[in-house]
>>> print(open('input34.csv').read())   # CSV, C-alpha atoms
chain,number,residue,atom,x,y,z
U,105,MET,CA,5.5,31.4,16.8
U,106,LEU,CA,3.8,28.0,16.5
U,107,THR,CA,4.9,25.3,14.2
U,108,VAL,CA,1.8,23.8,12.7
U,109,SER,CA,1.1,20.7,10.7
U,110,VAL,CA,-2.2,19.4,9.5
U,111,ILE,CA,-2.1,15.7,8.7
U,112,SER,CA,-4.7,13.4,7.1
U,113,PRO,CA,-4.2,9.7,6.3
U,114,GLU,CA,-3.7,10.6,2.6
U,115,ALA,CA,-1.5,13.6,2.8
U,116,VAL,CA,0.1,16.4,4.8
U,117,LEU,CA,-2.2,19.4,4.1
U,118,PHE,CA,-0.2,22.1,5.7
U,119,GLU,CA,3.2,22.5,7.3
U,120,GLY,CA,4.4,25.9,8.5
U,121,THR,CA,4.4,28.5,11.2
U,122,ALA,CA,1.5,30.6,12.5
U,123,ASP,CA,0.7,32.9,15.4
U,124,SER,CA,-2.5,31.1,16.4
U,125,VAL,CA,-4.6,28.0,15.7
U,126,VAL,CA,-8.4,27.8,16.2
U,127,ALA,CA,-9.7,24.2,16.0
U,128,PRO,CA,-13.1,22.6,16.3
U,129,ALA,CA,-12.6,20.4,19.4
U,130,PHE,CA,-15.2,17.8,20.3
U,131,ASP,CA,-17.0,20.2,22.7
U,132,GLY,CA,-16.5,23.6,21.0
U,133,GLN,CA,-13.8,25.8,19.6
U,134,VAL,CA,-10.3,25.7,21.1
U,135,GLY,CA,-7.7,28.4,20.5
U,136,ILE,CA,-4.0,27.9,20.8
U,137,LEU,CA,-1.3,30.6,21.1
U,138,THR,CA,2.4,30.5,21.7
U,139,GLY,CA,3.4,29.0,25.1
U,140,HIS,CA,0.4,26.7,25.4
U,141,ALA,CA,0.7,23.8,27.9
U,142,PRO,CA,1.1,20.3,26.5
U,143,MET,CA,-2.4,19.3,25.5
U,144,MET,CA,-4.2,16.7,23.5
U,145,THR,CA,-7.8,17.0,22.6
U,146,LEU,CA,-10.3,15.1,20.4
U,147,LEU,CA,-11.6,17.0,17.4
U,148,GLY,CA,-15.2,17.3,16.2
U,149,LYS,CA,-16.3,18.4,12.8
U,150,GLY,CA,-15.8,21.9,11.6
U,151,GLU,CA,-13.4,24.6,10.4
U,152,LEU,CA,-9.8,24.7,11.4
U,153,ARG,CA,-8.1,28.1,11.1
U,154,VAL,CA,-4.3,28.4,11.1
U,155,GLY,CA,-3.2,32.0,11.5
U,156,ALA,CA,-5.4,35.1,11.7
U,157,GLY,CA,-6.7,37.8,9.4
U,158,LYS,CA,-6.6,37.6,5.7
U,159,ASP,CA,-3.5,35.3,5.7
U,160,ALA,CA,-5.4,32.6,7.6
U,161,GLN,CA,-5.4,29.1,6.2
U,162,ARG,CA,-8.7,27.4,6.5
U,163,PHE,CA,-9.4,23.7,6.5
U,164,THR,CA,-12.4,21.5,7.2
U,165,VAL,CA,-11.6,18.7,9.5
U,166,GLU,CA,-13.6,15.8,10.9
U,167,GLY,CA,-12.5,13.5,13.8
U,168,GLY,CA,-9.0,12.9,14.9
U,169,PHE,CA,-7.2,14.9,17.5
U,170,LEU,CA,-5.0,17.9,18.1
U,171,GLN,CA,-1.7,17.8,20.0
U,172,VAL,CA,0.3,20.7,21.4
U,173,VAL,CA,3.8,20.2,22.7
U,174,GLU,CA,6.4,22.9,23.1
U,175,ASN,CA,4.9,25.3,20.5
U,176,ARG,CA,4.4,22.5,18.0
U,177,VAL,CA,0.8,22.0,17.0
U,178,ARG,CA,-0.2,18.8,15.2
U,179,VAL,CA,-3.6,18.3,13.9
U,180,VAL,CA,-4.2,14.7,13.0
U,181,THR,CA,-7.5,14.2,11.4
U,182,GLU,CA,-9.3,11.3,9.6
U,183,ARG,CA,-10.9,13.6,7.0
U,184,ALA,CA,-9.6,16.9,6.0
U,185,GLY,CA,-9.8,19.3,3.1
U,186,ARG,CA,-8.9,22.9,2.3
U,187,ALA,CA,-11.8,25.2,2.8
Z,230,MET,CA,13.6,-18.9,-49.5
Z,231,ALA,CA,10.6,-20.5,-47.7
Z,232,LYS,CA,12.5,-20.5,-44.4
Z,233,GLY,CA,13.3,-16.9,-44.7
Z,234,ARG,CA,9.7,-15.8,-45.1
Z,235,GLU,CA,8.8,-17.9,-42.0
Z,236,LEU,CA,11.5,-16.2,-40.0
Z,237,LYS,CA,10.4,-12.7,-41.2
Z,238,GLY,CA,6.9,-13.6,-39.9
Z,239,ARG,CA,8.2,-14.6,-36.5
Z,240,ILE,CA,10.4,-11.5,-36.2
Z,241,LYS,CA,7.3,-9.3,-36.9
Z,242,SER,CA,5.3,-11.2,-34.3
Z,243,VAL,CA,7.9,-10.8,-31.6
Z,244,GLU,CA,8.3,-7.1,-32.5
Z,245,ASN,CA,4.6,-6.6,-31.9
Z,246,THR,CA,4.8,-8.4,-28.5
Z,247,ARG,CA,7.7,-6.2,-27.6
Z,248,LYS,CA,5.7,-3.1,-28.4
Z,249,ILE,CA,2.9,-4.2,-26.1
Z,250,THR,CA,5.2,-5.1,-23.2
Z,251,LYS,CA,7.2,-1.9,-23.7
Z,252,THR,CA,3.9,0.1,-23.4
Z,253,LEU,CA,2.8,-1.8,-20.3
Z,254,GLU,CA,6.2,-1.1,-18.8
Z,255,MET,CA,5.9,2.6,-19.3
Z,256,VAL,CA,2.3,2.6,-18.0
Z,257,ALA,CA,3.4,0.7,-14.9
Z,258,THR,CA,6.3,3.1,-14.4
Z,259,SER,CA,4.1,6.2,-14.4
Z,260,LYS,CA,1.5,4.5,-12.2
Z,261,MET,CA,4.2,3.3,-9.8
Z,262,LYS,CA,5.5,6.9,-9.4
Z,263,ARG,CA,2.0,8.1,-8.4
Z,264,ALA,CA,1.4,5.1,-6.1
Z,265,GLN,CA,4.9,5.7,-4.5
Z,266,ASP,CA,3.9,9.3,-3.8
Z,267,ARG,CA,0.8,8.1,-2.0
Z,268,VAL,CA,2.9,5.8,0.1
Z,269,HIS,CA,5.2,8.6,1.1
Z,270,ALA,CA,2.2,11.0,1.7
Z,271,ALA,CA,0.7,8.4,4.1
Z,272,ARG,CA,3.7,8.2,6.3
Z,273,PRO,CA,3.4,11.3,8.4
Z,274,TYR,CA,-0.1,10.3,9.6
Z,275,ALA,CA,1.0,6.8,10.6
Z,276,ARG,CA,4.0,8.3,12.4
Z,277,ALA,CA,1.8,10.9,14.2
Z,278,LEU,CA,-0.6,8.2,15.3
Z,279,ALA,CA,2.1,5.9,16.5
Z,280,GLU,CA,3.8,8.6,18.5
Z,281,VAL,CA,0.7,9.8,20.2
Z,282,LEU,CA,-0.4,6.2,21.0
Z,283,ALA,CA,3.0,5.6,22.5
Z,284,ASP,CA,2.6,8.8,24.6
Z,285,LEU,CA,-0.8,7.8,26.0
Z,286,TYR,CA,-0.2,4.1,26.4
Z,287,SER,CA,0.5,2.5,29.7
Z,288,PRO,CA,0.5,-1.3,30.4
Z,289,ASP,CA,-2.4,-1.0,32.9
Z,290,LEU,CA,-4.7,0.2,30.0
Z,291,ALA,CA,-4.5,-3.2,28.3
Z,292,GLY,CA,-7.3,-4.6,30.4
Z,293,ARG,CA,-9.7,-1.7,29.8
Z,294,PHE,CA,-9.6,-1.6,26.0
Z,295,ALA,CA,-11.1,-4.3,23.8
Z,296,LEU,CA,-8.6,-3.7,21.1
Z,297,LEU,CA,-5.6,-4.1,23.4
Z,298,ARG,CA,-6.9,-7.4,24.8
Z,299,GLN,CA,-4.2,-10.1,24.5
Z,300,PRO,CA,-6.0,-13.5,24.3
Z,301,ALA,CA,-4.1,-16.3,26.0
Z,302,HIS,CA,-5.2,-18.7,23.3
Z,303,VAL,CA,-6.1,-17.9,19.7
Z,304,LYS,CA,-9.3,-19.8,18.9
Z,305,ARG,CA,-10.4,-17.9,15.9
Z,306,ALA,CA,-8.3,-15.7,13.7
Z,307,ALA,CA,-8.9,-13.6,10.6
Z,308,VAL,CA,-6.4,-13.2,7.8
Z,309,LEU,CA,-6.9,-10.3,5.4
Z,310,LEU,CA,-5.0,-11.0,2.2
Z,311,VAL,CA,-4.3,-8.2,-0.2
Z,312,THR,CA,-3.7,-9.4,-3.8
Z,313,SER,CA,-4.0,-7.6,-7.1
Z,314,ASN,CA,-6.9,-7.6,-9.5
Z,315,ARG,CA,-4.6,-8.0,-12.6
Z,316,GLY,CA,-1.7,-10.2,-13.4
Z,317,LEU,CA,1.3,-9.8,-15.6
Z,318,ALA,CA,3.4,-8.9,-12.6
Z,319,GLY,CA,5.7,-11.9,-12.2
Z,320,ALA,CA,5.6,-13.7,-8.9
Z,321,PHE,CA,3.8,-10.9,-7.1
Z,322,ASN,CA,0.6,-12.8,-6.3
Z,323,SER,CA,2.2,-16.2,-5.9
Z,324,ASN,CA,4.5,-14.8,-3.3
Z,325,LEU,CA,1.6,-13.3,-1.4
Z,326,ILE,CA,-0.4,-16.5,-1.6
Z,327,LYS,CA,2.6,-18.5,-0.3
Z,328,GLU,CA,3.0,-16.1,2.6
Z,329,ALA,CA,-0.8,-16.3,3.4
Z,330,ARG,CA,-0.7,-20.1,3.2
Z,331,ALA,CA,2.2,-20.3,5.6
Z,332,LEU,CA,0.5,-18.0,8.1
Z,333,VAL,CA,-2.8,-19.9,7.8
Z,334,GLY,CA,-1.0,-23.2,8.2
Z,335,ARG,CA,0.8,-21.9,11.3
Z,336,LEU,CA,-2.4,-20.6,12.9
Z,337,GLU,CA,-4.3,-23.8,12.2
Z,338,GLY,CA,-1.4,-25.8,13.5
Z,339,GLU,CA,-1.9,-23.9,16.8
Z,340,GLY,CA,-5.5,-25.0,16.8
Z,341,ALA,CA,-7.2,-21.9,15.6
Z,342,THR,CA,-10.0,-21.6,13.1
Z,343,VAL,CA,-9.0,-19.2,10.3
Z,344,ASP,CA,-11.3,-16.9,8.4
Z,345,LEU,CA,-9.8,-15.8,5.1
Z,346,HIS,CA,-10.8,-12.4,3.8
Z,347,VAL,CA,-9.4,-11.8,0.3
Z,348,VAL,CA,-8.9,-8.6,-1.6
Z,349,GLY,CA,-8.2,-8.8,-5.3
Z,350,ARG,CA,-9.3,-11.0,-8.2
Z,351,LYS,CA,-6.1,-13.0,-8.2
Z,352,GLY,CA,-6.3,-14.2,-4.6
Z,353,VAL,CA,-10.0,-14.9,-4.9
Z,354,GLY,CA,-9.4,-17.0,-8.1
Z,355,TYR,CA,-6.6,-19.0,-6.4
Z,356,PHE,CA,-8.6,-20.0,-3.4
Z,357,LYS,CA,-11.6,-20.9,-5.5
Z,358,TYR,CA,-9.3,-23.1,-7.6
Z,359,VAL,CA,-7.9,-24.9,-4.6
Z,360,GLY,CA,-11.4,-25.1,-3.1
Z,361,ARG,CA,-10.8,-23.3,0.2
Z,362,ALA,CA,-13.8,-21.3,1.5
Z,363,ILE,CA,-13.2,-17.6,2.0
Z,364,ALA,CA,-15.2,-15.5,4.4
Z,365,SER,CA,-15.4,-12.4,2.3
Z,366,SER,CA,-13.9,-11.0,-0.9
Z,367,ARG,CA,-13.5,-7.6,-2.5
Z,368,THR,CA,-12.4,-7.1,-6.1
Z,369,ASP,CA,-13.7,-3.5,-6.6
Z,370,ILE,CA,-10.8,-1.7,-5.0
Z,371,GLY,CA,-9.0,0.2,-7.8
Z,372,ASP,CA,-5.5,1.5,-8.1
Z,373,LYS,CA,-6.2,4.4,-5.8
Z,374,PRO,CA,-7.3,2.8,-2.5
Z,375,THR,CA,-9.0,5.2,-0.1
Z,376,THR,CA,-9.3,5.3,3.7
Z,377,THR,CA,-13.0,4.4,3.2
Z,378,ASN,CA,-11.9,1.2,1.5
Z,379,ALA,CA,-9.7,0.4,4.5
Z,380,ALA,CA,-12.5,1.2,7.0
Z,381,GLU,CA,-14.9,-1.1,5.1
Z,382,LEU,CA,-12.4,-3.9,5.2
Z,383,VAL,CA,-11.5,-3.8,8.8
Z,384,ASP,CA,-14.4,-2.3,10.7
Z,385,GLY,CA,-16.3,-5.6,10.8
Z,386,LEU,CA,-13.3,-7.5,11.9
Z,387,ARG,CA,-12.6,-4.9,14.6
Z,388,ALA,CA,-16.1,-5.2,15.9
Z,389,GLU,CA,-15.8,-9.0,16.0
Z,390,PHE,CA,-12.5,-8.7,17.8
Z,391,GLY,CA,-14.1,-6.3,20.3
Z,392,ASP,CA,-16.9,-8.8,21.0
Z,393,GLY,CA,-14.4,-11.5,21.6
Z,394,ARG,CA,-15.5,-13.5,18.6
Z,395,LEU,CA,-12.0,-13.1,17.0
Z,396,ASP,CA,-8.7,-13.4,18.8
Z,397,ALA,CA,-6.3,-12.1,16.2
Z,398,VAL,CA,-6.4,-10.3,12.9
Z,399,TYR,CA,-3.5,-10.4,10.4
Z,400,VAL,CA,-3.0,-8.6,7.2
Z,401,VAL,CA,-0.9,-10.2,4.5
Z,402,TYR,CA,0.3,-7.7,1.9
Z,403,THR,CA,3.3,-6.6,-0.1
Z,404,LYS,CA,5.4,-4.1,1.6
Z,405,PHE,CA,6.9,-1.4,-0.5
Z,406,ASN,CA,10.3,-0.7,1.0
Z,407,SER,CA,11.7,0.6,-2.2
Z,408,VAL,CA,11.5,-0.2,-5.9
Z,409,LEU,CA,13.9,-3.0,-5.5
Z,410,SER,CA,12.6,-4.5,-2.2
Z,411,THR,CA,8.9,-5.5,-2.1
Z,412,PRO,CA,8.6,-8.5,0.2
Z,413,ALA,CA,5.3,-10.2,1.0
Z,414,VAL,CA,4.7,-9.8,4.7
Z,415,SER,CA,2.2,-10.7,7.4
Z,416,GLU,CA,1.4,-8.1,10.0
Z,417,GLN,CA,-0.7,-8.5,13.1
Z,418,VAL,CA,-3.1,-5.6,13.4
Z,419,LEU,CA,-5.2,-6.9,16.2
Z,420,PRO,CA,-4.7,-7.0,19.1
Z,421,VAL,CA,-3.0,-3.6,18.7
Z,422,ALA,CA,0.7,-3.8,19.7
Z,423,PRO,CA,1.5,-0.4,21.2
Z,424,PRO,CA,4.5,1.2,19.6
Z,425,ALA,CA,7.6,1.5,21.8
Z,426,ARG,CA,7.9,4.8,23.6
Z,427,GLY,CA,10.8,7.0,22.4
Z,428,LYS,CA,11.0,9.7,25.0
Z,429,ALA,CA,9.7,10.3,28.5
Z,430,GLN,CA,5.9,10.7,28.9
Z,431,LEU,CA,4.8,14.3,28.9
Z,432,ASP,CA,2.3,15.6,31.3
Z,433,TYR,CA,-0.5,16.4,28.9
Z,434,LEU,CA,-3.8,18.2,29.5
Z,435,LEU,CA,-6.2,15.6,28.0
Z,436,PHE,CA,-9.7,16.5,26.7
Z,437,PRO,CA,-12.0,14.8,27.4
Z,438,SER,CA,-9.8,12.1,29.0
Z,439,ALA,CA,-7.0,9.6,28.0
Z,440,ASP,CA,-9.6,6.8,27.8
Z,441,GLU,CA,-11.8,8.6,25.4
Z,442,ILE,CA,-8.9,9.7,23.2
Z,443,LEU,CA,-7.7,6.2,23.1
Z,444,ASP,CA,-11.2,5.1,22.3
Z,445,GLN,CA,-10.9,7.1,19.0
Z,446,LEU,CA,-7.2,6.6,18.5
Z,447,LEU,CA,-7.1,2.8,18.6
Z,448,PRO,CA,-9.7,2.2,15.8
Z,449,ALA,CA,-8.0,4.9,13.7
Z,450,TYR,CA,-4.7,3.2,14.2
Z,451,VAL,CA,-6.1,-0.2,13.0
Z,452,ARG,CA,-7.8,1.4,10.1
Z,453,ASN,CA,-4.6,3.2,9.1
Z,454,ALA,CA,-2.6,0.0,9.3
Z,455,VAL,CA,-5.0,-1.5,6.7
Z,456,TYR,CA,-4.9,1.7,4.6
Z,457,ARG,CA,-1.2,1.6,4.5
Z,458,ALA,CA,-1.3,-2.1,3.5
Z,459,LEU,CA,-3.5,-1.2,0.6
Z,460,VAL,CA,-1.4,1.7,-0.6
Z,461,GLU,CA,1.9,-0.1,-0.3
Z,462,SER,CA,0.5,-3.1,-2.1
Z,463,GLU,CA,-0.6,-1.0,-5.0
Z,464,ALA,CA,2.9,0.6,-5.3
Z,465,ALA,CA,4.5,-2.8,-5.0
Z,466,PHE,CA,2.2,-4.2,-7.6
Z,467,GLN,CA,3.0,-1.5,-10.1
Z,468,SER,CA,6.7,-2.0,-9.4
Z,469,ALA,CA,6.4,-5.8,-9.9
Z,470,GLN,CA,4.5,-5.2,-13.1
Z,471,ARG,CA,7.2,-2.8,-14.3
Z,472,THR,CA,9.9,-5.3,-13.6
Z,473,ALA,CA,8.0,-8.2,-15.2
Z,474,MET,CA,7.3,-6.1,-18.3
Z,475,LYS,CA,10.9,-4.8,-18.5
Z,476,ASN,CA,12.1,-8.4,-18.4
Z,477,ALA,CA,9.6,-9.4,-21.1
Z,478,THR,CA,10.8,-6.5,-23.3
Z,479,ASP,CA,14.4,-7.4,-22.8
Z,480,ASN,CA,13.7,-11.1,-23.7
Z,481,ALA,CA,11.8,-10.0,-26.8
Z,482,SER,CA,14.8,-7.9,-27.9
Z,483,ASP,CA,17.1,-10.8,-27.4
Z,484,MET,CA,14.8,-13.1,-29.4
Z,485,ILE,CA,14.6,-10.6,-32.2
Z,486,ASN,CA,18.4,-10.4,-32.4
Z,487,ILE,CA,18.7,-14.2,-32.6
Z,488,LEU,CA,15.9,-14.4,-35.2
Z,489,ARG,CA,17.5,-11.6,-37.3
Z,490,ARG,CA,20.8,-13.4,-37.2
Z,491,THR,CA,19.3,-16.7,-38.3
Z,492,TYR,CA,17.4,-14.9,-41.0
Z,493,ASN,CA,20.5,-13.1,-42.3
Z,494,ARG,CA,22.5,-16.4,-42.2
Z,495,ALA,CA,19.8,-18.1,-44.3
Z,496,ARG,CA,19.7,-15.3,-46.8
Z,497,GLN,CA,23.5,-15.3,-47.1
Z,498,ALA,CA,23.6,-19.0,-47.5
Z,499,GLN,CA,21.0,-18.7,-50.3
Z,500,ILE,CA,23.0,-16.0,-52.1
Z,501,THR,CA,26.2,-18.1,-51.8
Z,502,GLN,CA,24.4,-21.1,-53.2
Z,503,GLU,CA,23.1,-19.0,-56.1
Z,504,ILE,CA,26.6,-17.7,-56.9
Z,505,ALA,CA,28.0,-21.2,-56.8
Z,506,GLU,CA,25.2,-22.4,-59.1
Z,507,ILE,CA,25.9,-19.6,-61.6
Z,508,VAL,CA,29.7,-20.1,-61.4
Z,509,GLY,CA,29.1,-23.9,-61.8
Z,510,GLY,CA,26.8,-23.3,-64.8
Z,511,ALA,CA,29.3,-20.9,-66.5
Z,512,ALA,CA,32.1,-23.4,-66.0
Z,513,ALA,CA,30.0,-26.2,-67.5
Z,514,LEU,CA,29.3,-24.0,-70.6
Z,515,GLN,CA,33.1,-23.2,-71.0
Z,516,GLY,CA,34.1,-26.8,-70.7
>>> encode(input="input34.csv", output="structure tokens")
Amino acid sequence: MLTVSVISPEAVLFEGTADSVVAPAFDGQVGILTGHAPMMTLLGKGELRVGAGKDAQRFTVEGGFLQVVENRVRVVTERAGRA
Amino acid sequence: MAKGRELKGRIKSVENTRKITKTLEMVATSKMKRAQDRVHAARPYARALAEVLADLYSPDLAGRFALLRQPAHVKRAAVLLVTSNRGLAGAFNSNLIKEARALVGRLEGEGATVDLHVVGRKGVGYFKYVGRAIASSRTDIGDKPTTTNAAELVDGLRAEFGDGRLDAVYVVYTKFNSVLSTPAVSEQVLPVAPPARGKAQLDYLLFPSADEILDQLLPAYVRNAVYRALVESEAAFQSAQRTAMKNATDNASDMINILRRTYNRARQAQITQEIAEIVGGAAALQG
């Protein structure tokens, strides 16, 4: 399980657990599953998906970065909204 | 009973004032709650940025990034002062102006030219009054400051700092520690002082590269420092207004009590006098 938080300057949009995260990185989509190596990547503009299937939480993000450390995923973005 | 009527009029007038201050107090209380929520909501982002910056930062980067440049001598500095648009908040704005003047004085004492950028009608009014030129002013930021406001305020300064035209940028604002503690503070936002690293550096996979991530991260960090200043100032302003209006309401209540007492005493004195006159008159008739 991944612990995921989606943070914008104004608020924490999401905090919880999920099996997977698909994020719009600066150069295309990036998928993260449990056990991912520590990573930091810049984000582009697009849809962020936390979880899969019909329980998936969707957000729109623009800019910022994504950080993965020990199954904790942190999406820190300058502009975010729920899609 | 001429004095009595006069006192009645004054009691009525103070009661009306108290109604107004009481209402303003309640409005400020509810606005403060909302502003306080925004301060709390802004904290995780600031913390996340600081942690990541601390993770990526190493001293040898300082030379490569314009925003980390530490000028040996400050020739030109910018001070961004965040005041409020409205008054009725006690010493809120005068504390800020005092802090700003102290900072400007110190910088000028060190031989720097200081550009003053002012947010809020109260600060603009003050510097117009004392006749000090201000580089820019904003009075259209409402009680819900946005990240866009912050970007508009600081992006120009950041560019100037990047070009080397500015050597330091400070923000003077009111920090919202709690409802009871809202000191006016000056904070240096440029050059960026990297936060202290808590734990050992992790071996990250970095995409595209540490340099490019920092290129995005440093401006975001600066913008967020200004956003936080705006949000905290707003919360502090509402809290200062609430306190000021509470004091005004309490003072009005005290004054009403005193006026009532004076009125009652005058009324009683008059009754006593009337009785004395009647008794005196009756005694005169009997005699």
>>> interface_residues(input="input34.csv", of="chain U", to="chain Z", cutoff="10 Å", atoms="only C-alpha atoms", output="PyMOL selection string")
chain U and resi 109-117+129-131+141-147+167-173+178-183
>>> write_last_selection(input="input34.csv", atoms="C-alpha atoms", output="mmCIF file, in the coordinates of the input")
data_model
loop_
_atom_site.group_PDB
_atom_site.id
_atom_site.type_symbol
_atom_site.label_atom_id
_atom_site.label_comp_id
_atom_site.auth_asym_id
_atom_site.auth_seq_id
_atom_site.Cartn_x
_atom_site.Cartn_y
_atom_site.Cartn_z
ATOM 1 C CA SER U 109 1.100 20.700 10.700
ATOM 2 C CA VAL U 110 -2.200 19.400 9.500
ATOM 3 C CA ILE U 111 -2.100 15.700 8.700
ATOM 4 C CA SER U 112 -4.700 13.400 7.100
ATOM 5 C CA PRO U 113 -4.200 9.700 6.300
ATOM 6 C CA GLU U 114 -3.700 10.600 2.600
ATOM 7 C CA ALA U 115 -1.500 13.600 2.800
ATOM 8 C CA VAL U 116 0.100 16.400 4.800
ATOM 9 C CA LEU U 117 -2.200 19.400 4.100
ATOM 10 C CA ALA U 129 -12.600 20.400 19.400
ATOM 11 C CA PHE U 130 -15.200 17.800 20.300
ATOM 12 C CA ASP U 131 -17.000 20.200 22.700
ATOM 13 C CA ALA U 141 0.700 23.800 27.900
ATOM 14 C CA PRO U 142 1.100 20.300 26.500
ATOM 15 C CA MET U 143 -2.400 19.300 25.500
ATOM 16 C CA MET U 144 -4.200 16.700 23.500
ATOM 17 C CA THR U 145 -7.800 17.000 22.600
ATOM 18 C CA LEU U 146 -10.300 15.100 20.400
ATOM 19 C CA LEU U 147 -11.600 17.000 17.400
ATOM 20 C CA GLY U 167 -12.500 13.500 13.800
ATOM 21 C CA GLY U 168 -9.000 12.900 14.900
ATOM 22 C CA PHE U 169 -7.200 14.900 17.500
ATOM 23 C CA LEU U 170 -5.000 17.900 18.100
ATOM 24 C CA GLN U 171 -1.700 17.800 20.000
ATOM 25 C CA VAL U 172 0.300 20.700 21.400
ATOM 26 C CA VAL U 173 3.800 20.200 22.700
ATOM 27 C CA ARG U 178 -0.200 18.800 15.200
ATOM 28 C CA VAL U 179 -3.600 18.300 13.900
ATOM 29 C CA VAL U 180 -4.200 14.700 13.000
ATOM 30 C CA THR U 181 -7.500 14.200 11.400
ATOM 31 C CA GLU U 182 -9.300 11.300 9.600
ATOM 32 C CA ARG U 183 -10.900 13.600 7.000
#
>>> residues_around(input="input34.csv", residues="Z:Tyr492", least_positions_apart="3", cutoff="8 Å", atoms="only C-alpha atoms", output="PyMOL selection string")
chain Z and resi 233+236-237+488-489+495-496
>>> write_last_selection(input="input34.csv", atoms="C-alpha atoms", output="PDB file, in the frame of the given file")
ATOM      1  CA  GLY Z 233      13.300 -16.900 -44.700  1.00  0.00           C
ATOM      2  CA  LEU Z 236      11.500 -16.200 -40.000  1.00  0.00           C
ATOM      3  CA  LYS Z 237      10.400 -12.700 -41.200  1.00  0.00           C
ATOM      4  CA  LEU Z 488      15.900 -14.400 -35.200  1.00  0.00           C
ATOM      5  CA  ARG Z 489      17.500 -11.600 -37.300  1.00  0.00           C
ATOM      6  CA  ALA Z 495      19.800 -18.100 -44.300  1.00  0.00           C
ATOM      7  CA  ARG Z 496      19.700 -15.300 -46.800  1.00  0.00           C
TER       8      ARG Z 496
END
>>> closest_residue(input="input34.csv", among="Z:Phe466, Z:Ala329, Z:Leu296, Z:Leu419", to="Z:Asp392", atoms="only C-alpha atoms")
Z:Leu296
>>> residues_near_point(input="input34.csv", point="(-6.1, -8.8, 0.7)", cutoff="10 Å", atoms="only C-alpha atoms", output="PyMOL selection string")
chain Z and resi 308-313+325-326+329+345-353+366-368+382+400-403+455+458-459+462
>>> closest_residue(input="input34.csv", among="Z:Arg298, Z:Lys475, Z:Arg315, Z:Lys327", to="Z:Asp396", atoms="all atoms listed in the file")
Z:Arg298
>>> atom_distance(input="input34.csv", atom1="atom CA of Z:Phe405", atom2="atom CA of Z:Gln265")
8.4 Å
>>> residues_around(input="input34.csv", residues="Z:Leu317", least_positions_apart="6", cutoff="8 Å", atoms="all atoms listed in the file", output="CSV table (one decimal) with C-alpha atoms, keeping the file's coordinate frame")
chain,number,residue,atom,x,y,z
Z,470,GLN,CA,4.5,-5.2,-13.1
Z,473,ALA,CA,8.0,-8.2,-15.2
Z,474,MET,CA,7.3,-6.1,-18.3
>>> atom_distance(input="input34.csv", atom1="atom CA of Z:Glu235", atom2="atom CA of Z:Asn486")
15.5 Å
>>> closest_residue(input="input34.csv", among="Z:Arg305, Z:Arg293, Z:Gly391, Z:Asn480", to="Z:Gly340", atoms="only C-alpha atoms")
Z:Arg305
>>> residues_around(input="input34.csv", residues="Z:Thr250", least_positions_apart="4", cutoff="9 Å", atoms="only C-alpha atoms", output="PyMOL selection string")
chain Z and resi 245-246+254-255+474-475+477-478+481
>>> closest_residue(input="input34.csv", among="U:Thr121, U:Gly135, U:Asn175, U:Val126", to="U:Leu152", atoms="only C-alpha atoms")
U:Val126
>>> residues_around(input="input34.csv", residues="U:Gly157", least_positions_apart="3", cutoff="12 Å", atoms="only C-alpha atoms", output="PyMOL selection string")
chain U and resi 122-125+153-154+160-162
>>> write_last_selection(input="input34.csv", atoms="C-alpha atoms", output="JSON list (two decimals), in the frame of the given file")
[["chain", "number", "residue", "atom", "x", "y", "z"],
["U", 122, "ALA", "CA", 1.50, 30.60, 12.50],
["U", 123, "ASP", "CA", 0.70, 32.90, 15.40],
["U", 124, "SER", "CA", -2.50, 31.10, 16.40],
["U", 125, "VAL", "CA", -4.60, 28.00, 15.70],
["U", 153, "ARG", "CA", -8.10, 28.10, 11.10],
["U", 154, "VAL", "CA", -4.30, 28.40, 11.10],
["U", 160, "ALA", "CA", -5.40, 32.60, 7.60],
["U", 161, "GLN", "CA", -5.40, 29.10, 6.20],
["U", 162, "ARG", "CA", -8.70, 27.40, 6.50]]
>>> residues_around(input="input34.csv", residues="Z:Arg239", least_positions_apart="5", cutoff="9 Å", atoms="only C-alpha atoms", output="list in words")
Arg234, Glu244, Ile485 and Leu488 of chain Z
>>> write_last_selection(input="input34.csv", atoms="C-alpha atoms", output="CSV table (one decimal), in the frame of the given file")
chain,number,residue,atom,x,y,z
Z,234,ARG,CA,9.7,-15.8,-45.1
Z,244,GLU,CA,8.3,-7.1,-32.5
Z,485,ILE,CA,14.6,-10.6,-32.2
Z,488,LEU,CA,15.9,-14.4,-35.2
>>> atom_distance(input="input34.csv", atom1="atom CA of Z:Lys241", atom2="atom CA of Z:Met484")
11.3 Å
>>> closest_residue(input="input34.csv", among="U:Val134, U:Pro128, U:Arg186, U:Val108", to="U:Glu174", atoms="all atoms listed in the file")
U:Val108
